[in-house]
Structures are given as C-alpha cells and as structure tokens.
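Shown next: protein_11.pdb, given as PDB, C-alpha atoms.
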```pdb
ATOM      1  CA  MET S   3       0.000   0.000   0.000
ATOM      2  CA  SER S   4       2.728   2.443   0.943
ATOM      3  CA  THR S   5       4.484   1.592  -2.342
ATOM      4  CA  VAL S   6       1.422   2.627  -4.349
ATOM      5  CA  ILE S   7       1.063   5.883  -2.394
ATOM      6  CA  PHE S   8       4.777   6.572  -2.787
ATOM      7  CA  PHE S   9       4.633   6.253  -6.566
ATOM      8  CA  ILE S  10       1.459   8.338  -6.872
ATOM      9  CA  ALA S  11       2.875  11.119  -4.663
ATOM     10  CA  GLY S  12       6.353  10.935  -6.194
ATOM     11  CA  ILE S  13       5.063  11.155  -9.755
ATOM     12  CA  GLY S  14       2.760  13.991  -8.662
ATOM     13  CA  ALA S  15       5.669  15.876  -7.097
ATOM     14  CA  ILE S  16       7.886  15.478 -10.173
ATOM     15  CA  THR S  17       5.049  16.402 -12.545
ATOM     16  CA  GLY S  18       4.323  19.510 -10.493
ATOM     17  CA  ALA S  19       7.995  20.472 -10.559
ATOM     18  CA  ILE S  20       8.132  20.083 -14.343
ATOM     19  CA  GLY S  21       4.935  22.127 -14.616
ATOM     20  CA  VAL S  22       6.522  24.968 -12.628
ATOM     21  CA  ILE S  23       9.347  25.381 -15.107
ATOM     22  CA  ALA S  24       7.455  24.452 -18.304
ATOM     23  CA  LEU S  25       4.232  26.477 -18.088
ATOM     24  CA  ALA S  26       4.439  29.869 -19.757
ATOM     25  CA  ASN S  27       1.997  31.731 -17.506
ATOM     26  CA  PRO S  28       3.408  32.442 -13.995
ATOM     27  CA  PHE S  29      -0.098  32.018 -12.596
ATOM     28  CA  TYR S  30      -0.199  28.382 -13.729
ATOM     29  CA  SER S  31       3.351  27.903 -12.449
ATOM     30  CA  VAL S  32       2.166  28.860  -8.969
ATOM     31  CA  LEU S  33      -0.760  26.432  -9.248
ATOM     32  CA  ALA S  34       1.622  23.651 -10.333
ATOM     33  CA  LEU S  35       3.786  24.421  -7.304
ATOM     34  CA  VAL S  36       0.747  24.061  -5.034
ATOM     35  CA  GLY S  37       0.142  20.580  -6.467
ATOM     36  CA  HIS S  38       3.826  19.778  -6.027
ATOM     37  CA  LEU S  39       3.766  20.880  -2.379
ATOM     38  CA  ILE S  40       0.714  18.769  -1.558
ATOM     39  CA  SER S  41       2.290  15.686  -3.174
ATOM     40  CA  LEU S  42       5.431  16.378  -1.181
ATOM     41  CA  ALA S  43       3.373  16.554   2.020
ATOM     42  CA  ALA S  44       2.084  13.037   1.216
ATOM     43  CA  LEU S  45       5.706  11.867   0.906
ATOM     44  CA  PHE S  46       6.455  13.484   4.284
ATOM     45  CA  LEU S  47       3.549  11.550   5.799
ATOM     46  CA  LEU S  48       4.972   8.316   4.399
ATOM     47  CA  LEU S  49       8.246   9.219   6.145
ATOM     48  CA  ARG S  50       6.342   9.625   9.455
ATOM     49  CA  ALA S  51       6.867  13.397   9.600
ATOM     50  CA  GLU S  52       3.320  14.303  10.498
ATOM     51  CA  PHE S  53       3.930  17.766  11.915
ATOM     52  CA  VAL S  54       6.175  18.844   9.039
ATOM     53  CA  ALA S  55       3.589  17.600   6.526
ATOM     54  CA  ALA S  56       0.851  19.621   8.225
ATOM     55  CA  ALA S  57       3.091  22.710   8.382
ATOM     56  CA  GLN S  58       3.952  22.225   4.701
ATOM     57  CA  VAL S  59       0.288  22.252   3.671
ATOM     58  CA  VAL S  60      -0.768  25.090   5.977
ATOM     59  CA  VAL S  61       2.238  27.403   5.690
ATOM     60  CA  TYR S  62       3.527  26.707   2.185
ATOM     61  CA  ALA S  63       0.549  25.608   0.115
ATOM     62  CA  GLY S  64      -1.645  28.012   2.070
ATOM     63  CA  ALA S  65       0.058  31.217   3.150
ATOM     64  CA  VAL S  66       3.177  31.537   0.981
ATOM     65  CA  MET S  67       1.365  30.573  -2.211
ATOM     66  CA  VAL S  68      -1.337  33.173  -1.510
ATOM     67  CA  LEU S  69       1.465  35.757  -1.283
ATOM     68  CA  TYR S  70       2.739  34.569  -4.679
ATOM     69  CA  MET S  71      -0.771  34.797  -6.114
ATOM     70  CA  PHE S  72      -1.101  38.416  -4.994
ATOM     71  CA  VAL S  73       2.222  39.430  -6.538
ATOM     72  CA  VAL S  74       1.516  37.547  -9.788
ATOM     73  CA  ALA S  75      -1.829  39.299 -10.037
ATOM     74  CA  TYR S  76      -0.133  42.638  -9.284
ATOM     75  CA  VAL S  77       2.754  42.484 -11.771
ATOM     76  CA  GLY S  78       1.036  40.067 -14.151
ATOM     77  CA  ARG S  79       0.643  42.497 -17.040
ATOM     78  CA  GLU S  80       4.379  42.940 -17.453
ATOM     79  CA  ALA S  81       5.288  39.368 -16.666
ATOM     80  CA  ALA S  82       2.968  37.708 -19.156
ATOM     81  CA  PRO S  83       4.801  38.466 -22.436
ATOM     82  CA  LEU S  84       8.078  37.272 -20.953
ATOM     83  CA  GLY S  85       6.872  33.677 -20.846
ATOM     84  CA  GLN S  86       8.718  32.521 -23.937
ATOM     85  CA  THR S  87      11.837  30.518 -23.372
ATOM     86  CA  PRO S  88      15.228  31.852 -24.450
ATOM     87  CA  GLY S  89      17.151  30.604 -27.458
ATOM     88  CA  ARG S  90      17.710  26.982 -28.359
ATOM     89  CA  ALA S  91      21.346  26.976 -27.243
ATOM     90  CA  ALA S  92      20.483  28.255 -23.766
ATOM     91  CA  THR S  93      17.669  25.693 -23.404
ATOM     92  CA  LEU S  94      19.916  22.818 -24.455
ATOM     93  CA  GLY S  95      22.636  24.041 -22.121
ATOM     94  CA  ALA S  96      20.176  24.168 -19.216
ATOM     95  CA  PHE S  97      18.959  20.635 -20.026
ATOM     96  CA  ALA S  98      22.557  19.399 -20.126
ATOM     97  CA  CYS S  99      23.295  21.043 -16.767
ATOM     98  CA  GLY S 100      20.148  19.526 -15.242
ATOM     99  CA  ILE S 101      20.931  16.005 -16.463
ATOM    100  CA  ALA S 102      24.538  16.318 -15.311
ATOM    101  CA  LEU S 103      23.249  17.385 -11.880
ATOM    102  CA  VAL S 104      20.884  14.371 -11.731
ATOM    103  CA  VAL S 105      23.704  11.973 -12.574
ATOM    104  CA  GLU S 106      26.025  13.626 -10.074
ATOM    105  CA  LEU S 107      23.447  13.528  -7.267
ATOM    106  CA  PHE S 108      22.570   9.885  -7.989
ATOM    107  CA  ILE S 109      26.232   8.928  -7.827
ATOM    108  CA  ALA S 110      26.784  10.992  -4.677
ATOM    109  CA  VAL S 111      23.703   9.864  -2.757
ATOM    110  CA  LEU S 112      22.842   6.373  -3.951
ATOM    111  CA  GLY S 113      26.446   5.359  -4.515
ATOM    112  CA  SER S 114      27.487   6.367  -1.016
ATOM    113  CA  GLY S 115      28.423   3.825   1.593
ATOM    114  CA  LEU S 116      25.337   4.423   3.718
ATOM    115  CA  GLN S 117      23.982   0.943   4.393
ATOM    116  CA  ALA S 118      20.626   2.098   5.762
ATOM    117  CA  ILE S 119      19.745   3.626   2.379
ATOM    118  CA  ASP S 120      18.601   0.210   1.202
ATOM    119  CA  SER S 121      16.332  -0.257   4.215
ATOM    120  CA  ALA S 122      13.031   1.286   5.237
ATOM    121  CA  GLY S 123      14.743   3.213   8.031
ATOM    122  CA  ALA S 124      15.047   2.818  11.755
ATOM    123  CA  PRO S 125      12.322   0.849  13.570
ATOM    124  CA  TYR S 126       9.341   3.071  14.191
ATOM    125  CA  THR S 127       8.888   4.214  17.771
ATOM    126  CA  ALA S 128       5.594   5.620  18.947
ATOM    127  CA  GLY S 129       5.497   9.407  18.981
ATOM    128  CA  PHE S 130       8.073   9.932  16.209
ATOM    129  CA  GLY S 131       7.349  13.088  14.254
ATOM    130  CA  THR S 132       4.312  14.108  16.285
ATOM    131  CA  PRO S 133       3.773  17.739  17.360
ATOM    132  CA  ALA S 134       4.684  16.716  20.921
ATOM    133  CA  GLN S 135       8.130  15.487  19.914
ATOM    134  CA  ILE S 136       8.785  18.466  17.609
ATOM    135  CA  GLY S 137       7.691  20.877  20.337
ATOM    136  CA  THR S 138       9.864  19.227  22.946
ATOM    137  CA  LEU S 139      12.893  19.379  20.640
ATOM    138  CA  LEU S 140      12.244  23.002  19.640
ATOM    139  CA  LEU S 141      11.975  24.176  23.242
ATOM    140  CA  THR S 142      14.894  22.186  24.643
ATOM    141  CA  ARG S 143      17.713  21.201  22.315
ATOM    142  CA  PHE S 144      16.941  23.593  19.489
ATOM    143  CA  LEU S 145      15.805  26.626  21.465
ATOM    144  CA  ALA S 146      18.472  28.938  19.990
ATOM    145  CA  PRO S 147      17.610  28.177  16.312
ATOM    146  CA  PHE S 148      13.933  28.584  17.188
ATOM    147  CA  GLU S 149      14.470  32.077  18.636
ATOM    148  CA  ILE S 150      16.822  33.105  15.827
ATOM    149  CA  ALA S 151      14.212  31.979  13.285
ATOM    150  CA  SER S 152      11.633  34.264  14.852
ATOM    151  CA  TYR S 153      14.039  37.222  14.667
ATOM    152  CA  LEU S 154      14.765  36.322  11.041
ATOM    153  CA  LEU S 155      11.058  36.387  10.230
ATOM    154  CA  LEU S 156      10.701  39.792  11.891
ATOM    155  CA  VAL S 157      13.660  41.229   9.958
ATOM    156  CA  ALA S 158      12.324  39.813   6.681
ATOM    157  CA  ALA S 159       8.861  41.266   7.263
ATOM    158  CA  VAL S 160      10.234  44.726   8.084
ATOM    159  CA  GLY S 161      12.622  44.540   5.140
ATOM    160  CA  ALA S 162       9.882  43.587   2.697
ATOM    161  CA  VAL S 163       7.672  46.453   3.863
ATOM    162  CA  THR S 164      10.598  48.887   3.559
ATOM    163  CA  LEU S 165      11.447  47.628   0.057
ATOM    164  CA  ALA S 166       7.946  47.651  -1.339
ATOM    165  CA  ARG S 167       6.547  50.811   0.222
ATOM    166  CA  ARG S 168       5.763  53.662  -2.100
ATOM    167  CA  ARG S 169       7.957  56.546  -0.924
ATOM    168  CA  GLY S 170      10.934  54.387  -0.012
ATOM    169  CA  ALA S 171      14.636  54.636  -0.681
ATOM    170  CA  LEU S 172      14.208  52.904  -4.048
ATOM    171  CA  ASP S 173      12.123  55.796  -5.348
ATOM    172  CA  ALA S 174      14.787  58.370  -4.454
ATOM    173  CA  GLY S 175      16.054  58.588  -8.027
ATOM    174  CA  ILE S 176      12.619  59.459  -9.331
ATOM    175  CA  GLU S 177      11.534  61.862  -6.628
ATOM    176  CA  GLY S 178      14.739  63.917  -6.784
ATOM    177  CA  ASP S 179      15.644  64.447  -3.146
ATOM    178  CA  ALA S 180      16.516  61.349  -1.222
ATOM    179  CA  PRO S 181      13.811  60.735   1.357
ATOM    180  CA  THR S 182      14.928  59.714   4.795
ATOM    181  CA  ILE S 183      13.008  57.719   7.317
ATOM    182  CA  SER S 184      12.916  58.859  10.898
ATOM    183  CA  PHE S 185      10.988  58.139  14.023
ATOM    184  CA  MET S 186       8.959  61.303  13.509
ATOM    185  CA  ASP S 187       7.431  59.814  10.338
ATOM    186  CA  VAL S 188       5.448  57.497  12.534
ATOM    187  CA  MET S 189       4.002  60.426  14.499
ATOM    188  CA  ARG S 190       3.299  62.759  11.574
ATOM    189  CA  PRO S 191      -0.086  62.445   9.873
ATOM    190  CA  ARG S 192       0.369  60.885   6.452
ATOM    191  CA  PRO S 193      -0.668  62.639   3.217
ATOM    192  CA  LEU S 194      -4.124  61.889   1.901
ATOM    193  CA  GLY S 195      -4.298  58.761  -0.236
ATOM    194  CA  THR S 196      -1.053  57.128   0.896
ATOM    195  CA  GLY S 197      -0.766  53.917   2.794
ATOM    196  CA  THR S 198      -3.967  52.489   1.334
ATOM    197  CA  MET S 199      -4.763  49.613  -0.972
ATOM    198  CA  ALA S 200      -5.880  52.069  -3.656
ATOM    199  CA  GLU S 201      -2.352  53.475  -3.704
ATOM    200  CA  ALA S 202      -0.844  50.032  -4.116
ATOM    201  CA  GLY S 203      -3.308  49.130  -6.850
ATOM    202  CA  GLY S 204      -2.038  51.705  -9.308
ATOM    203  CA  HIS S 205      -4.283  54.694  -8.642
ATOM    204  CA  ALA S 206      -1.340  56.647  -7.275
ATOM    205  CA  GLU S 207      -1.615  59.318  -9.978
ATOM    206  CA  VAL S 208      -4.384  60.911  -7.935
ATOM    207  CA  GLU S 209      -2.061  62.105  -5.235
ATOM    208  CA  GLN S 210       0.758  63.385  -7.410
TER
ATOM    209  CA  MET W  17       9.789   1.883   0.597
ATOM    210  CA  ASN W  18      13.529   2.169   0.911
ATOM    211  CA  ILE W  19      15.011   5.540   1.822
ATOM    212  CA  GLY W  20      16.983   5.510  -1.431
ATOM    213  CA  TRP W  21      13.792   5.981  -3.458
ATOM    214  CA  TYR W  22      12.964   9.171  -1.560
ATOM    215  CA  LEU W  23      16.489  10.443  -2.119
ATOM    216  CA  ALA W  24      16.142   9.728  -5.845
ATOM    217  CA  VAL W  25      12.916  11.769  -6.003
ATOM    218  CA  SER W  26      14.674  14.534  -4.058
ATOM    219  CA  ALA W  27      17.599  14.560  -6.509
ATOM    220  CA  LEU W  28      15.224  14.744  -9.483
ATOM    221  CA  ILE W  29      13.255  17.654  -8.007
ATOM    222  CA  PHE W  30      16.454  19.533  -7.154
ATOM    223  CA  SER W  31      17.747  19.141 -10.710
ATOM    224  CA  ILE W  32      14.424  20.274 -12.205
ATOM    225  CA  GLY W  33      14.586  23.377 -10.001
ATOM    226  CA  ALA W  34      18.182  24.115 -10.990
ATOM    227  CA  GLY W  35      17.303  23.706 -14.674
ATOM    228  CA  GLY W  36      14.363  26.059 -14.206
ATOM    229  CA  VAL W  37      16.601  28.758 -12.735
ATOM    230  CA  LEU W  38      18.769  28.463 -15.852
ATOM    231  CA  ILE W  39      15.907  28.431 -18.368
ATOM    232  CA  ARG W  40      13.410  31.000 -17.120
ATOM    233  CA  ARG W  41      13.900  34.782 -17.120
ATOM    234  CA  ASN W  42      10.895  35.875 -15.086
ATOM    235  CA  PRO W  43      12.086  36.534 -11.493
ATOM    236  CA  LEU W  44       8.767  35.257 -10.132
ATOM    237  CA  VAL W  45       9.315  31.855 -11.730
ATOM    238  CA  ILE W  46      12.949  31.859 -10.627
ATOM    239  CA  LEU W  47      11.758  32.300  -7.031
ATOM    240  CA  LEU W  48       9.397  29.350  -7.556
ATOM    241  CA  CYS W  49      12.339  27.262  -8.802
ATOM    242  CA  LEU W  50      14.308  28.192  -5.677
ATOM    243  CA  GLU W  51      11.343  26.889  -3.673
ATOM    244  CA  LEU W  52      11.583  23.635  -5.625
ATOM    245  CA  MET W  53      15.245  23.232  -4.706
ATOM    246  CA  LEU W  54      14.626  24.015  -1.021
ATOM    247  CA  ASN W  55      11.780  21.491  -0.960
ATOM    248  CA  ALA W  56      14.001  18.833  -2.496
ATOM    249  CA  ALA W  57      16.501  19.476   0.301
ATOM    250  CA  ASN W  58      13.649  19.200   2.824
ATOM    251  CA  LEU W  59      12.622  15.824   1.411
ATOM    252  CA  ALA W  60      16.193  14.551   1.718
ATOM    253  CA  LEU W  61      16.435  15.875   5.299
ATOM    254  CA  ILE W  62      13.217  14.162   6.346
ATOM    255  CA  GLY W  63      14.300  10.965   4.620
ATOM    256  CA  PHE W  64      17.517  10.999   6.620
ATOM    257  CA  ALA W  65      15.580  11.757   9.806
ATOM    258  CA  ARG W  66      13.494   8.632   9.139
ATOM    259  CA  MET W  67      16.660   6.669   8.416
ATOM    260  CA  TRP W  68      18.220   7.596  11.748
ATOM    261  CA  GLY W  69      14.974   7.505  13.685
ATOM    262  CA  ASN W  70      15.397  10.824  15.500
ATOM    263  CA  GLY W  71      13.710  14.161  15.029
ATOM    264  CA  ASP W  72      16.709  16.413  14.383
ATOM    265  CA  GLY W  73      16.281  16.297  10.610
ATOM    266  CA  GLN W  74      12.650  17.327  10.928
ATOM    267  CA  ILE W  75      13.633  20.390  13.003
ATOM    268  CA  PHE W  76      16.182  21.209  10.306
ATOM    269  CA  ALA W  77      13.442  20.954   7.657
ATOM    270  CA  LEU W  78      11.190  23.285   9.658
ATOM    271  CA  ILE W  79      13.977  25.871   9.943
ATOM    272  CA  VAL W  80      14.577  25.573   6.189
ATOM    273  CA  MET W  81      10.890  26.334   5.666
ATOM    274  CA  VAL W  82      11.239  29.469   7.824
ATOM    275  CA  VAL W  83      14.262  30.635   5.821
ATOM    276  CA  ALA W  84      12.400  29.937   2.564
ATOM    277  CA  ALA W  85       9.469  32.040   3.753
ATOM    278  CA  CYS W  86      11.851  34.935   4.560
ATOM    279  CA  GLU W  87      13.522  34.629   1.163
ATOM    280  CA  VAL W  88      10.151  34.670  -0.594
ATOM    281  CA  THR W  89       9.028  37.739   1.340
ATOM    282  CA  VAL W  90      12.112  39.776   0.481
ATOM    283  CA  GLY W  91      12.194  38.527  -3.122
ATOM    284  CA  LEU W  92       8.568  39.408  -3.750
ATOM    285  CA  GLY W  93       9.156  42.811  -2.112
ATOM    286  CA  LEU W  94      11.992  43.408  -4.586
ATOM    287  CA  ILE W  95       9.770  42.418  -7.513
ATOM    288  CA  VAL W  96       7.032  44.796  -6.328
ATOM    289  CA  ALA W  97       9.645  47.570  -5.991
ATOM    290  CA  MET W  98      10.853  46.839  -9.558
ATOM    291  CA  HIS W  99       7.279  47.049 -10.771
ATOM    292  CA  ARG W 100       6.773  50.388  -8.990
ATOM    293  CA  ARG W 101       9.796  51.890 -10.721
ATOM    294  CA  ARG W 102       8.522  50.693 -14.127
ATOM    295  CA  LEU W 103      11.594  48.451 -14.496
ATOM    296  CA  PRO W 104      11.271  45.410 -16.755
ATOM    297  CA  ILE W 105      10.366  42.220 -14.866
ATOM    298  CA  ASP W 106      13.149  40.269 -16.552
ATOM    299  CA  VAL W 107      16.414  39.134 -14.989
ATOM    300  CA  ASP W 108      18.288  39.539 -18.291
ATOM    301  CA  GLU W 109      17.396  43.243 -18.395
ATOM    302  CA  MET W 110      18.583  43.914 -14.842
ATOM    303  CA  ARG W 111      22.240  44.402 -15.634
ATOM    304  CA  GLU W 112      23.098  47.758 -14.072
ATOM    305  CA  LEU W 113      25.248  46.113 -11.407
ATOM    306  CA  GLN W 114      27.509  44.592 -14.059
ATOM    307  CA  GLY W 115      29.286  47.951 -14.395
TER
END
```

Can the structure from this file be put into structure tokens for me?
Amino acid sequence: MSTVIFFIAGIGAITGAIGVIALANPFYSVLALVGHLISLAALFLLLRAEFVAAAQVVVYAGAVMVLYMFVVAYVGREAAPLGQTPGRAATLGAFACGIALVVELFIAVLGSGLQAIDSAGAPYTAGFGTPAQIGTLLLTRFLAPFEIASYLLLVAAVGAVTLARRRGALDAGIEGDAPTISFMDVMRPRPLGTGTMAEAGGHAEVEQ
Amino acid sequence: MNIGWYLAVSALIFSIGAGGVLIRRNPLVILLCLELMLNAANLALIGFARMWGNGDGQIFALIVMVVAACEVTVGLGLIVAMHRRRLPIDVDEMRELQG
C-alpha cells in the first residue's frame, strides 16, 4: 500500500515540478507548485513526519502561495509576455546542466556507503514526528535556532515592507531628493491617499 | 519503501529546479524554482531523519521552511519595488550592477 502511495505522490511531485518550469503563464506555475507541495506533504507523511507535513500544507501551500498569487496578479501584465523561453542553445545548455546534476546527485547519494539507504529506516517508535516530539525538541535542544528563526522572520517582514513601500529609498532617483526615514514619520499624519490599498493598486496618480 | 527511493525523487526535483533557474527569465518563476530546490533538500532531510529515527532532521526541515518564507518575502518585495519603478520584470534586463 505504501508503495502505491509513494509512486502516486512521487510522480505527482515530479510532474508539479516540471509544470513549474514548463508552463508559460506564472499564474499556472504557482498552481503547479501548489500541487507539487501537496504531493510532497504526502511523501512526508509516508516518512512519518506528520507535523512537518501539516506545516507544509498550511504554511507553504496556504500562506506563501497566496502571497505569490497576490504578486503575480499585481505584476502580471508585465510578466505575461516574458513567458517565452530563451534561445535553443540556452535551453539545451540548461537541459545538459540539469541532467549532469541528476547523474552527479545519484552517484553521490545512492552510490554512497550508507547501508541504511537500502532499508526502510530505523524501527518506528511511537510518537516519532508528532507535534509533541517536535515541540519538545524546539523548546529544549533547538531553542536557539527557534528564537533566531523568529528574529529572522521579523527582519524579513520589516525589510519587505521597507522595500515595497511607495515613498521608499528605491524611489529616491525618481523623486529627486533622497527621502529619509525617521521616528517622527510614525508620528506625523500621512498625506491623503497614501498607505492604502488604492495606492498600491495603481491609482497613485491621484495624489501626485 | 527504501530511503533511497525518496532520495532519488529529491535529486530529481532539485535538478528540475536548478534547470528552471537556468531556463526561465521571469524573477517570479525563478523564485518558484528556488522553492523547488529548497523542498528537495527538505525531502532529503526528512528521509535521513526517518533513516536515523530521531527528530533532528525534521527540526532542520522546519527551519529551512522558515528561511524559505523569509527569502520569498524579500524577493517578492523586490519584484514589487521593480514594478513600482517601471523596471522590466526580466532578470536579463537587470544588468546595471555589471558595471
């Protein structure tokens, strides 16, 4: 039974991966990646990683892919005509690199001296991969990586907002004078029409 | 199933992702291909965690997912900033840093 599920999920994951790089429309690429991620979650379940599989479906196939969808819908007009692949030489070169990488990885991984590779893994103990075990590990042995990961998420969120905001440092060349950000900007009332979804959606000409 | 089969699937997905980074020119799709490669690494990590029978590899995979989420956030922020400045959404056109 697990063999059948493995082949269904594995073929689904590989098909989704090929769809990501082969489909011309970025929107369909994102949808193919969602299918790939769900197949991969099934493989994780077969490997007894229940919590990671659930996190994969909720965080990746849910939240991160929604973020992709928003950006694809936002920049989609410009991105659509760029779907065509580059010249034949570049495509063949990329194929050659990919096949060389497959061969190299097969030799490196499957040809290694690891004896347990040809077995189904260590004997299963109750509680392996459950949220209880992951939580215990995260709050005892891996407390430092856990805390650093939360700081990393905070820095990434602040950085993304700073990069993508309208009157940021990236717009300095257009605006003329380089805008600076200070603590007083938080206190000052913002100009009418900024900081709204209408501004992000391309109706910014109103305020200029 | 033997762990080797999972590692073979992981190697295939990683190579497909690497080939996609080489083929495509749209930065959105290149970010998706990076996701493919990180997921292939996650599959290998979880396979090895199953092989050894302890949870360290699964923690590693979770941290990789956190780093991937950060990378996606910053990358998509850059793409939105490029779009705001009316720059072409094409990695071959972004060559100002080449000097």

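For the atom pair formed by atom CA of Ala122 of chain S and atom CA of Ala57 of chain W, the distance is 19.2 Å, given to one decimal.
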
Query raised in the report: Applied to the shown file, which residues does the ChimeraX specification (/S :<8) & /W return, written as an MDAnalysis selection string?
Result: chainID W and resid 17:20 23:25 27:29 31:36 38:42 44:45 48:49 52 59 62:63 66:72 74:75 77:79 82:83 85:90 92:94 96:97 99:101 104:106

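Our summary of the geometry notes that atom CA of Ser41 of chain S is positioned 24.5 Å from atom CA of Ala128 of chain S.
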
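In this structure, atom CA of Gly64 of chain S sits 15.9 Å away from atom CA of Tyr30 of chain S.
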
Report summary line: Counting all atoms listed in the file, the residue among W:Gly73, W:Leu103, W:Met81, W:Met98 that lies closest to Ala60 of chain W is W:Gly73
